[in-house]
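Structure data (mmCIF, C-alpha atoms) from query-v9.cif:
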```cif
data_work
#
loop_
_atom_site.group_PDB
_atom_site.id
_atom_site.type_symbol
_atom_site.label_atom_id
_atom_site.label_comp_id
_atom_site.auth_asym_id
_atom_site.auth_seq_id
_atom_site.Cartn_x
_atom_site.Cartn_y
_atom_site.Cartn_z
ATOM 1 C CA MET J 1 20.898 -19.248 -9.464
ATOM 2 C CA PRO J 2 17.475 -18.014 -8.256
ATOM 3 C CA ASP J 3 17.009 -16.597 -4.780
ATOM 4 C CA VAL J 4 16.204 -19.541 -2.477
ATOM 5 C CA VAL J 5 13.081 -17.872 -1.024
ATOM 6 C CA GLY J 6 12.117 -15.556 -3.883
ATOM 7 C CA TYR J 7 12.714 -18.172 -6.556
ATOM 8 C CA ARG J 8 9.675 -17.142 -8.615
ATOM 9 C CA ALA J 9 9.980 -13.387 -8.174
ATOM 10 C CA LYS J 10 11.442 -10.741 -5.873
ATOM 11 C CA ILE J 11 9.171 -7.699 -5.948
ATOM 12 C CA GLY J 12 10.498 -4.344 -4.756
ATOM 13 C CA VAL J 13 7.690 -2.364 -3.124
ATOM 14 C CA ILE J 14 8.109 1.422 -3.016
ATOM 15 C CA LEU J 15 5.967 3.041 -0.330
ATOM 16 C CA PRO J 16 5.768 6.112 1.933
ATOM 17 C CA SER J 17 7.412 6.060 5.343
ATOM 18 C CA THR J 18 3.949 6.760 6.791
ATOM 19 C CA ASN J 19 2.256 3.702 5.269
ATOM 20 C CA THR J 20 1.236 0.827 7.554
ATOM 21 C CA VAL J 21 -1.156 -1.107 5.283
ATOM 22 C CA VAL J 22 0.604 -2.085 2.033
ATOM 23 C CA GLU J 23 3.020 -4.621 3.518
ATOM 24 C CA HIS J 24 0.247 -6.186 5.582
ATOM 25 C CA ASP J 25 -2.008 -6.559 2.536
ATOM 26 C CA LEU J 26 0.689 -8.062 0.326
ATOM 27 C CA ASN J 27 1.818 -10.557 2.932
ATOM 28 C CA GLN J 28 -1.732 -11.787 3.482
ATOM 29 C CA VAL J 29 -1.683 -13.071 -0.090
ATOM 30 C CA ARG J 30 1.960 -13.904 -0.803
ATOM 31 C CA PRO J 31 2.319 -16.816 -3.227
ATOM 32 C CA PRO J 32 5.008 -19.424 -2.532
ATOM 33 C CA GLY J 33 8.324 -18.384 -4.037
ATOM 34 C CA VAL J 34 7.384 -14.692 -4.250
ATOM 35 C CA THR J 35 8.930 -12.208 -1.834
ATOM 36 C CA PHE J 36 8.236 -8.523 -1.176
ATOM 37 C CA HIS J 37 11.006 -6.077 -0.298
ATOM 38 C CA SER J 38 10.116 -2.596 0.924
ATOM 39 C CA GLY J 39 11.837 0.616 -0.019
ATOM 40 C CA ARG J 40 10.373 3.459 2.037
ATOM 41 C CA PHE J 41 10.621 7.072 0.971
ATOM 42 C CA PHE J 42 10.663 9.773 3.628
ATOM 43 C CA VAL J 43 7.478 11.781 4.161
ATOM 44 C CA GLU J 44 8.595 15.053 5.690
ATOM 45 C CA ALA J 45 5.120 16.657 5.707
ATOM 46 C CA PRO J 46 2.350 14.075 6.377
ATOM 47 C CA ASP J 47 -0.328 16.783 6.749
ATOM 48 C CA LEU J 48 -3.069 16.260 4.150
ATOM 49 C CA SER J 49 -5.761 18.409 5.745
ATOM 50 C CA SER J 50 -6.218 20.825 2.829
ATOM 51 C CA ASP J 51 -5.601 21.046 -0.897
ATOM 52 C CA ASP J 52 -2.484 23.142 -0.283
ATOM 53 C CA ALA J 53 -1.146 20.664 2.267
ATOM 54 C CA PHE J 54 -1.804 17.807 -0.130
ATOM 55 C CA LEU J 55 0.107 19.533 -2.922
ATOM 56 C CA HIS J 56 2.985 20.326 -0.548
ATOM 57 C CA PHE J 57 3.121 16.646 0.461
ATOM 58 C CA LEU J 58 3.339 15.563 -3.182
ATOM 59 C CA GLY J 59 5.994 18.122 -4.000
ATOM 60 C CA LEU J 60 8.251 16.844 -1.221
ATOM 61 C CA ILE J 61 7.871 13.131 -1.938
ATOM 62 C CA ARG J 62 8.838 13.665 -5.556
ATOM 63 C CA ASP J 63 12.315 14.360 -4.188
ATOM 64 C CA THR J 64 12.462 11.275 -1.943
ATOM 65 C CA ILE J 65 10.896 8.562 -4.124
ATOM 66 C CA PRO J 66 14.050 8.244 -6.304
ATOM 67 C CA ASN J 67 16.139 7.439 -3.215
ATOM 68 C CA ALA J 68 13.789 4.615 -2.232
ATOM 69 C CA VAL J 69 13.991 3.157 -5.740
ATOM 70 C CA ARG J 70 17.785 3.450 -5.678
ATOM 71 C CA ASP J 71 17.986 1.683 -2.319
ATOM 72 C CA ILE J 72 15.651 -1.187 -3.221
ATOM 73 C CA MET J 73 17.710 -1.984 -6.300
ATOM 74 C CA THR J 74 20.506 -3.303 -4.067
ATOM 75 C CA CYS J 75 18.424 -6.459 -3.351
ATOM 76 C CA GLU J 76 18.233 -7.054 -7.112
ATOM 77 C CA PRO J 77 14.449 -7.236 -7.472
ATOM 78 C CA ASP J 78 12.785 -8.638 -10.567
ATOM 79 C CA TYR J 79 9.970 -6.103 -10.586
ATOM 80 C CA ILE J 80 8.789 -2.863 -8.966
ATOM 81 C CA LEU J 81 5.366 -2.331 -7.368
ATOM 82 C CA MET J 82 4.465 1.228 -6.386
ATOM 83 C CA GLY J 83 2.826 1.156 -2.945
ATOM 84 C CA MET J 84 1.651 4.764 -3.202
ATOM 85 C CA SER J 85 -1.089 5.718 -5.624
ATOM 86 C CA ALA J 86 -1.809 9.472 -5.568
ATOM 87 C CA GLU J 87 1.254 10.384 -7.605
ATOM 88 C CA THR J 88 0.391 7.779 -10.244
ATOM 89 C CA PHE J 89 -2.952 9.454 -11.041
ATOM 90 C CA TRP J 90 -1.439 12.931 -11.298
ATOM 91 C CA GLY J 91 -1.506 14.464 -14.752
ATOM 92 C CA GLY J 92 -3.682 11.786 -16.337
ATOM 93 C CA LYS J 93 -2.310 9.031 -18.562
ATOM 94 C CA GLU J 94 0.659 11.127 -19.632
ATOM 95 C CA GLY J 95 1.515 11.974 -16.047
ATOM 96 C CA ASN J 96 1.435 8.315 -15.050
ATOM 97 C CA ALA J 97 3.582 7.324 -18.024
ATOM 98 C CA GLU J 98 6.138 10.004 -17.131
ATOM 99 C CA PHE J 99 6.186 8.837 -13.512
ATOM 100 C CA GLU J 100 6.777 5.222 -14.526
ATOM 101 C CA ALA J 101 9.536 6.335 -16.914
ATOM 102 C CA ARG J 102 11.321 8.184 -14.086
ATOM 103 C CA VAL J 103 11.242 5.052 -11.947
ATOM 104 C CA ARG J 104 12.540 2.914 -14.824
ATOM 105 C CA GLU J 105 15.463 5.281 -15.319
ATOM 106 C CA ILE J 106 16.652 4.410 -11.814
ATOM 107 C CA SER J 107 15.664 0.733 -11.833
ATOM 108 C CA GLY J 108 17.377 -0.111 -15.100
ATOM 109 C CA ASP J 109 14.095 -0.451 -16.961
ATOM 110 C CA LEU J 110 12.492 -3.065 -14.701
ATOM 111 C CA GLY J 111 8.803 -3.732 -15.121
ATOM 112 C CA ILE J 112 6.604 -1.620 -12.869
ATOM 113 C CA THR J 113 3.065 -1.709 -11.534
ATOM 114 C CA SER J 114 1.519 1.636 -10.630
ATOM 115 C CA GLY J 115 -1.856 2.027 -8.955
ATOM 116 C CA ALA J 116 -3.359 3.975 -11.833
ATOM 117 C CA ASP J 117 -2.214 1.531 -14.507
ATOM 118 C CA ALA J 118 -3.254 -1.525 -12.469
ATOM 119 C CA CYS J 119 -6.773 -0.194 -11.892
ATOM 120 C CA ASN J 120 -7.164 0.653 -15.562
ATOM 121 C CA ALA J 121 -6.000 -2.834 -16.566
ATOM 122 C CA ALA J 122 -8.451 -4.444 -14.138
ATOM 123 C CA LEU J 123 -11.367 -2.345 -15.383
ATOM 124 C CA GLU J 124 -10.499 -3.276 -18.959
ATOM 125 C CA ARG J 125 -10.382 -6.954 -17.991
ATOM 126 C CA LEU J 126 -13.817 -6.596 -16.348
ATOM 127 C CA ASP J 127 -15.202 -4.696 -19.339
ATOM 128 C CA ALA J 128 -16.520 -2.047 -16.934
ATOM 129 C CA SER J 129 -17.432 1.381 -18.274
ATOM 130 C CA ARG J 130 -19.337 3.204 -15.503
ATOM 131 C CA ILE J 131 -17.419 3.575 -12.273
ATOM 132 C CA ALA J 132 -17.385 5.211 -8.866
ATOM 133 C CA CYS J 133 -14.245 5.894 -6.827
ATOM 134 C CA ILE J 134 -13.459 6.182 -3.134
ATOM 135 C CA THR J 135 -10.255 7.885 -1.953
ATOM 136 C CA PRO J 136 -8.712 9.233 1.258
ATOM 137 C CA TYR J 137 -7.807 12.429 -0.599
ATOM 138 C CA GLN J 138 -8.710 16.092 -0.566
ATOM 139 C CA PRO J 139 -10.676 17.515 -3.542
ATOM 140 C CA VAL J 140 -7.468 18.330 -5.445
ATOM 141 C CA GLY J 141 -6.563 14.625 -5.397
ATOM 142 C CA ASP J 142 -10.071 13.503 -6.273
ATOM 143 C CA GLU J 143 -9.978 15.737 -9.339
ATOM 144 C CA GLN J 144 -6.865 13.919 -10.543
ATOM 145 C CA VAL J 145 -8.477 10.513 -10.025
ATOM 146 C CA HIS J 146 -11.577 11.658 -11.910
ATOM 147 C CA GLY J 147 -9.457 13.089 -14.698
ATOM 148 C CA TYR J 148 -7.302 9.990 -15.099
ATOM 149 C CA PHE J 149 -10.194 7.562 -15.380
ATOM 150 C CA THR J 150 -12.160 9.907 -17.638
ATOM 151 C CA GLU J 151 -9.152 10.138 -19.945
ATOM 152 C CA CYS J 152 -8.975 6.326 -19.963
ATOM 153 C CA GLY J 153 -12.518 6.303 -21.321
ATOM 154 C CA TYR J 154 -14.616 5.548 -18.244
ATOM 155 C CA ASP J 155 -17.794 7.317 -17.257
ATOM 156 C CA VAL J 156 -16.917 8.396 -13.716
ATOM 157 C CA LYS J 157 -20.257 8.803 -11.996
ATOM 158 C CA ARG J 158 -19.089 9.632 -8.488
ATOM 159 C CA VAL J 159 -15.881 10.202 -6.494
ATOM 160 C CA LYS J 160 -16.000 10.178 -2.701
ATOM 161 C CA GLY J 161 -12.984 11.703 -0.971
ATOM 162 C CA LEU J 162 -12.691 10.955 2.753
ATOM 163 C CA ARG J 163 -10.414 13.974 3.295
ATOM 164 C CA CYS J 164 -8.135 12.241 5.797
ATOM 165 C CA GLU J 165 -6.134 14.656 7.933
ATOM 166 C CA THR J 166 -2.695 13.059 7.574
ATOM 167 C CA ALA J 167 -0.928 10.418 5.526
ATOM 168 C CA THR J 168 -0.767 8.197 8.623
ATOM 169 C CA SER J 169 -4.374 8.673 9.739
ATOM 170 C CA ILE J 170 -5.626 7.219 6.457
ATOM 171 C CA ALA J 171 -5.033 3.842 8.106
ATOM 172 C CA ASP J 172 -7.407 4.789 10.955
ATOM 173 C CA VAL J 173 -10.516 4.637 8.756
ATOM 174 C CA THR J 174 -12.556 1.682 10.005
ATOM 175 C CA PRO J 175 -13.919 -1.178 7.915
ATOM 176 C CA GLU J 176 -17.422 -0.218 9.034
ATOM 177 C CA THR J 177 -16.996 3.316 7.681
ATOM 178 C CA LEU J 178 -15.574 2.049 4.402
ATOM 179 C CA LEU J 179 -18.384 -0.448 3.875
ATOM 180 C CA GLU J 180 -21.031 2.222 4.453
ATOM 181 C CA GLU J 181 -19.277 4.577 2.034
ATOM 182 C CA LEU J 182 -19.164 1.846 -0.614
ATOM 183 C CA LYS J 183 -22.879 1.186 -0.215
ATOM 184 C CA ALA J 184 -23.570 4.916 -0.573
ATOM 185 C CA LEU J 185 -21.457 5.121 -3.738
ATOM 186 C CA ASP J 186 -23.168 2.173 -5.383
ATOM 187 C CA GLY J 187 -26.175 2.338 -7.656
ATOM 188 C CA PRO J 188 -27.670 0.819 -10.800
ATOM 189 C CA ASP J 189 -25.545 3.240 -12.836
ATOM 190 C CA ILE J 190 -22.273 1.717 -11.547
ATOM 191 C CA ASP J 191 -20.436 -1.277 -13.059
ATOM 192 C CA ALA J 192 -17.492 -1.264 -10.633
ATOM 193 C CA ILE J 193 -16.120 0.707 -7.682
ATOM 194 C CA VAL J 194 -12.432 1.621 -7.496
ATOM 195 C CA GLN J 195 -10.608 2.402 -4.248
ATOM 196 C CA CYS J 196 -7.518 4.624 -4.383
ATOM 197 C CA GLY J 197 -5.043 5.335 -1.588
ATOM 198 C CA THR J 198 -2.826 2.433 -0.529
ATOM 199 C CA ASN J 199 -2.958 3.216 3.213
ATOM 200 C CA LEU J 200 -6.728 2.594 3.337
ATOM 201 C CA SER J 201 -7.252 -0.925 4.669
ATOM 202 C CA MET J 202 -9.695 -2.038 2.001
ATOM 203 C CA VAL J 203 -8.887 -5.545 0.774
ATOM 204 C CA ALA J 204 -11.127 -7.507 3.163
ATOM 205 C CA VAL J 205 -13.806 -4.807 3.002
ATOM 206 C CA ALA J 206 -13.825 -4.876 -0.795
ATOM 207 C CA ASP J 207 -14.147 -8.659 -0.807
ATOM 208 C CA GLU J 208 -17.176 -8.404 1.521
ATOM 209 C CA ALA J 209 -18.660 -5.510 -0.460
ATOM 210 C CA GLU J 210 -18.474 -7.491 -3.709
ATOM 211 C CA LYS J 211 -20.716 -10.135 -2.141
ATOM 212 C CA ILE J 212 -23.186 -7.529 -0.867
ATOM 213 C CA LEU J 213 -23.269 -5.303 -3.963
ATOM 214 C CA GLY J 214 -22.881 -8.020 -6.575
ATOM 215 C CA LYS J 215 -20.218 -6.173 -8.546
ATOM 216 C CA PRO J 216 -16.435 -5.678 -8.584
ATOM 217 C CA VAL J 217 -14.876 -3.504 -5.885
ATOM 218 C CA LEU J 218 -11.228 -2.933 -6.724
ATOM 219 C CA ALA J 219 -9.116 -2.486 -3.601
ATOM 220 C CA ILE J 220 -5.972 -0.866 -4.918
ATOM 221 C CA ASN J 221 -3.440 -3.001 -3.036
ATOM 222 C CA ALA J 222 -5.054 -6.251 -4.200
ATOM 223 C CA THR J 223 -5.395 -4.853 -7.711
ATOM 224 C CA CYS J 224 -1.720 -3.851 -7.828
ATOM 225 C CA LEU J 225 -0.700 -7.303 -6.632
ATOM 226 C CA TRP J 226 -2.927 -8.948 -9.261
ATOM 227 C CA HIS J 227 -1.371 -6.768 -11.960
ATOM 228 C CA ALA J 228 2.203 -7.445 -10.824
ATOM 229 C CA LEU J 229 1.736 -11.209 -10.536
ATOM 230 C CA ARG J 230 0.012 -11.566 -13.880
ATOM 231 C CA THR J 231 2.677 -9.420 -15.566
ATOM 232 C CA LEU J 232 5.245 -11.824 -14.100
ATOM 233 C CA ASP J 233 3.238 -14.787 -15.479
ATOM 234 C CA ILE J 234 2.297 -15.936 -11.974
ATOM 235 C CA ALA J 235 -1.282 -17.151 -12.226
ATOM 236 C CA ASP J 236 -1.962 -18.229 -8.608
ATOM 237 C CA GLN J 237 -5.488 -17.398 -7.445
ATOM 238 C CA PHE J 238 -6.671 -16.605 -3.933
ATOM 239 C CA GLU J 239 -9.944 -16.514 -2.017
ATOM 240 C CA GLY J 240 -10.857 -13.650 0.285
ATOM 241 C CA HIS J 241 -8.966 -10.854 -1.474
ATOM 242 C CA GLY J 242 -11.407 -9.718 -4.134
ATOM 243 C CA MET J 243 -12.564 -10.774 -7.553
ATOM 244 C CA MET J 244 -9.400 -10.034 -9.510
ATOM 245 C CA LEU J 245 -7.160 -12.340 -7.468
ATOM 246 C CA ARG J 246 -9.900 -14.961 -7.220
ATOM 247 C CA GLU J 247 -11.061 -15.203 -10.819
ATOM 248 C CA PHE J 248 -8.641 -13.514 -13.242
#
```
This structure in structure tokens:
Amino acid sequence: MPDVVGYRAKIGVILPSTNTVVEHDLNQVRPPGVTFHSGRFFVEAPDLSSDDAFLHFLGLIRDTIPNAVRDIMTCEPDYILMGMSAETFWGGKEGNAEFEARVREISGDLGITSGADACNAALERLDASRIACITPYQPVGDEQVHGYFTECGYDVKRVKGLRCETATSIADVTPETLLEELKALDGPDIDAIVQCGTNLSMVAVADEAEKILGKPVLAINATCLWHALRTLDIADQFEGHGMMLREF
């Protein structure tokens, strides 16, 4: 028998203990019969104020992500959505594939949406080739984002890293700041703008920016949800959450 509330799909969402935005964004959109179930992995060192701190943060969470996946499996989800994106860009396409494979080992080979793969799928669907990216990362993270999308075949014109001080303070960046940064990134040489970093509150901002700029702005949480739903053959569309969930 299907779950009485998650009768279309139960989606396990793996996210950092510091994240305050992913659950909010997903629940703003939630289709009837789809439920989201969070598995949080412990962030021992939320400092992101330098390249070294950023690398230390990633090294530690690689040890705690498997526990979150293990724990979420007890609710018997139908699918896994990664609510943390930096790790999914690391090491290019091969690095993302290896990361997804590690998660599948624990989940029993469930389907999985990662931020990197979802953004690539959306850009392919849009037939975009020239992109700009905005992230909350330090330069070491921005290099990985640039490298991943370049390897996927995109002409990455610009990457703007906001260099947020901690994993938690990413959520402090205001909509006004984000909109101004998007306008600064845009230009006639850009087909689409991609936002990385799931703790940046970007969904509503991206929807507004698409109207102003006249081009796709892929907020990563909305893009991951689009990818997960479409993979699950759930075709519901929504206004106010960006082009992908509205039109594709």
**Q.** Result set of the PyMOL selection byres ((chain J and resi 116-119) around 6) on the coordinates above, as a count of residues only
**A.** 9
Q | Contacts of Tyr79 (chain J) within 8 Å, all atoms listed in the file, excl. fewer than 2 positions in-chain, as a ChimeraX atom specification | A | /J:9-12,77,81,110-112,228
Which centre and which edge lengths, in Å to one decimal, describe the axis-aligned box that holds all listed atoms of region 185-204 of chain J after 5 Å is added on each side, as JSON?
```
{"center_x": -15.2, "center_y": -1.1, "center_z": -4.2, "size_x": 34.8, "size_y": 22.8, "size_z": 27.7}
```
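The neighbours of Cys133 (chain J) here are the residues that come within 6 Å of it, using all atoms listed in the file and leaving out any residue fewer than 6 positions away in the same chain; they are Val159, Ile193, Val194 and Gln195 of chain J.
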Q: Apply the PyMOL selection byres ((chain J and resi 59-75) around 12) to the structure shown and report the selected residues as an NGL selection string.
A: :J and (3 or 6 or 9-18 or 35-47 or 52-58 or 76-84 or 86-88 or 90 or 99-110 or 112 or 167)
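What separates CA of His241 (chain J) from CA of Leu200 (chain J) is a distance of 14.5 Å.
Using all atoms listed in the file, the smallest distance between any of J:Ala132, J:Met243, J:Leu123, J:Ala171 and Val22 (chain J) comes from J:Ala171.
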Need a file for region 3-86 of chain J from that block: C-alpha atoms, written as an mmCIF file, in the first residue's frame.
```
data_model
loop_
_atom_site.group_PDB
_atom_site.id
_atom_site.type_symbol
_atom_site.label_atom_id
_atom_site.label_comp_id
_atom_site.auth_asym_id
_atom_site.auth_seq_id
_atom_site.Cartn_x
_atom_site.Cartn_y
_atom_site.Cartn_z
ATOM 1 C CA ASP J 3 1.978 5.974 2.120
ATOM 2 C CA VAL J 4 -1.289 7.825 2.837
ATOM 3 C CA VAL J 5 0.330 11.285 2.603
ATOM 4 C CA GLY J 6 3.268 10.541 0.304
ATOM 5 C CA TYR J 7 1.219 8.417 -2.067
ATOM 6 C CA ARG J 8 2.935 9.777 -5.188
ATOM 7 C CA ALA J 9 6.471 9.936 -3.825
ATOM 8 C CA LYS J 10 8.433 10.161 -0.580
ATOM 9 C CA ILE J 11 11.625 12.108 -1.240
ATOM 10 C CA GLY J 12 14.520 11.840 1.207
ATOM 11 C CA VAL J 13 16.375 15.157 1.362
ATOM 12 C CA ILE J 14 20.000 15.034 2.532
ATOM 13 C CA LEU J 15 21.222 18.391 3.819
ATOM 14 C CA PRO J 16 23.762 19.974 6.192
ATOM 15 C CA SER J 17 22.850 20.570 9.818
ATOM 16 C CA THR J 18 23.559 24.265 9.171
ATOM 17 C CA ASN J 19 21.057 24.657 6.321
ATOM 18 C CA THR J 20 17.880 26.677 6.918
ATOM 19 C CA VAL J 21 16.693 27.262 3.331
ATOM 20 C CA VAL J 22 16.248 23.923 1.522
ATOM 21 C CA GLU J 23 13.243 22.683 3.499
ATOM 22 C CA HIS J 24 11.553 26.070 3.223
ATOM 23 C CA ASP J 25 12.034 26.165 -0.553
ATOM 24 C CA LEU J 26 10.773 22.629 -1.124
ATOM 25 C CA ASN J 27 7.697 23.085 1.026
ATOM 26 C CA GLN J 28 6.721 26.259 -0.816
ATOM 27 C CA VAL J 29 6.206 24.127 -3.914
ATOM 28 C CA ARG J 30 5.199 20.698 -2.610
ATOM 29 C CA PRO J 31 2.831 18.898 -4.986
ATOM 30 C CA PRO J 32 -0.107 16.981 -3.499
ATOM 31 C CA GLY J 33 0.905 13.446 -2.591
ATOM 32 C CA VAL J 34 4.633 14.250 -2.464
ATOM 33 C CA THR J 35 6.406 14.464 0.883
ATOM 34 C CA PHE J 36 9.922 15.563 1.839
ATOM 35 C CA HIS J 37 11.861 13.896 4.648
ATOM 36 C CA SER J 38 15.082 15.468 5.896
ATOM 37 C CA GLY J 39 18.242 13.653 6.837
ATOM 38 C CA ARG J 40 20.723 16.146 8.280
ATOM 39 C CA PHE J 41 24.438 15.486 8.381
ATOM 40 C CA PHE J 42 26.514 17.081 11.121
ATOM 41 C CA VAL J 43 28.660 20.080 10.197
ATOM 42 C CA GLU J 44 31.423 20.175 12.774
ATOM 43 C CA ALA J 45 33.310 23.100 11.185
ATOM 44 C CA PRO J 46 30.919 25.647 9.576
ATOM 45 C CA ASP J 47 33.731 28.169 8.966
ATOM 46 C CA LEU J 48 34.019 28.911 5.237
ATOM 47 C CA SER J 49 36.036 32.119 5.466
ATOM 48 C CA SER J 50 39.035 30.931 3.432
ATOM 49 C CA ASP J 51 39.964 28.308 0.870
ATOM 50 C CA ASP J 52 41.584 26.190 3.585
ATOM 51 C CA ALA J 53 38.516 26.444 5.812
ATOM 52 C CA PHE J 54 36.292 25.497 2.897
ATOM 53 C CA LEU J 55 38.371 22.408 2.143
ATOM 54 C CA HIS J 56 38.380 21.435 5.831
ATOM 55 C CA PHE J 57 34.574 21.745 5.886
ATOM 56 C CA LEU J 58 34.255 19.443 2.872
ATOM 57 C CA GLY J 59 36.665 16.905 4.293
ATOM 58 C CA LEU J 60 34.632 16.587 7.489
ATOM 59 C CA ILE J 61 31.201 16.334 5.875
ATOM 60 C CA ARG J 62 32.378 13.498 3.665
ATOM 61 C CA ASP J 63 32.443 11.457 6.869
ATOM 62 C CA THR J 64 28.960 12.489 8.046
ATOM 63 C CA ILE J 65 26.918 12.414 4.821
ATOM 64 C CA PRO J 66 26.762 8.571 4.799
ATOM 65 C CA ASN J 67 25.141 8.587 8.252
ATOM 66 C CA ALA J 68 22.410 10.957 7.075
ATOM 67 C CA VAL J 69 21.698 8.728 4.075
ATOM 68 C CA ARG J 70 21.612 5.665 6.331
ATOM 69 C CA ASP J 71 19.177 7.342 8.718
ATOM 70 C CA ILE J 72 16.789 8.622 6.041
ATOM 71 C CA MET J 73 16.456 5.143 4.578
ATOM 72 C CA THR J 74 14.446 4.069 7.636
ATOM 73 C CA CYS J 75 11.421 6.053 6.323
ATOM 74 C CA GLU J 76 11.639 4.039 3.094
ATOM 75 C CA PRO J 77 11.893 6.929 0.631
ATOM 76 C CA ASP J 78 11.326 6.468 -3.081
ATOM 77 C CA TYR J 79 14.065 8.872 -4.117
ATOM 78 C CA ILE J 80 16.995 10.901 -2.771
ATOM 79 C CA LEU J 81 17.506 14.643 -3.315
ATOM 80 C CA MET J 82 20.853 16.090 -2.247
ATOM 81 C CA GLY J 83 20.225 19.396 -0.453
ATOM 82 C CA MET J 84 23.902 20.364 -0.513
ATOM 83 C CA SER J 85 25.592 21.268 -3.771
ATOM 84 C CA ALA J 86 29.304 22.048 -3.292
#
```
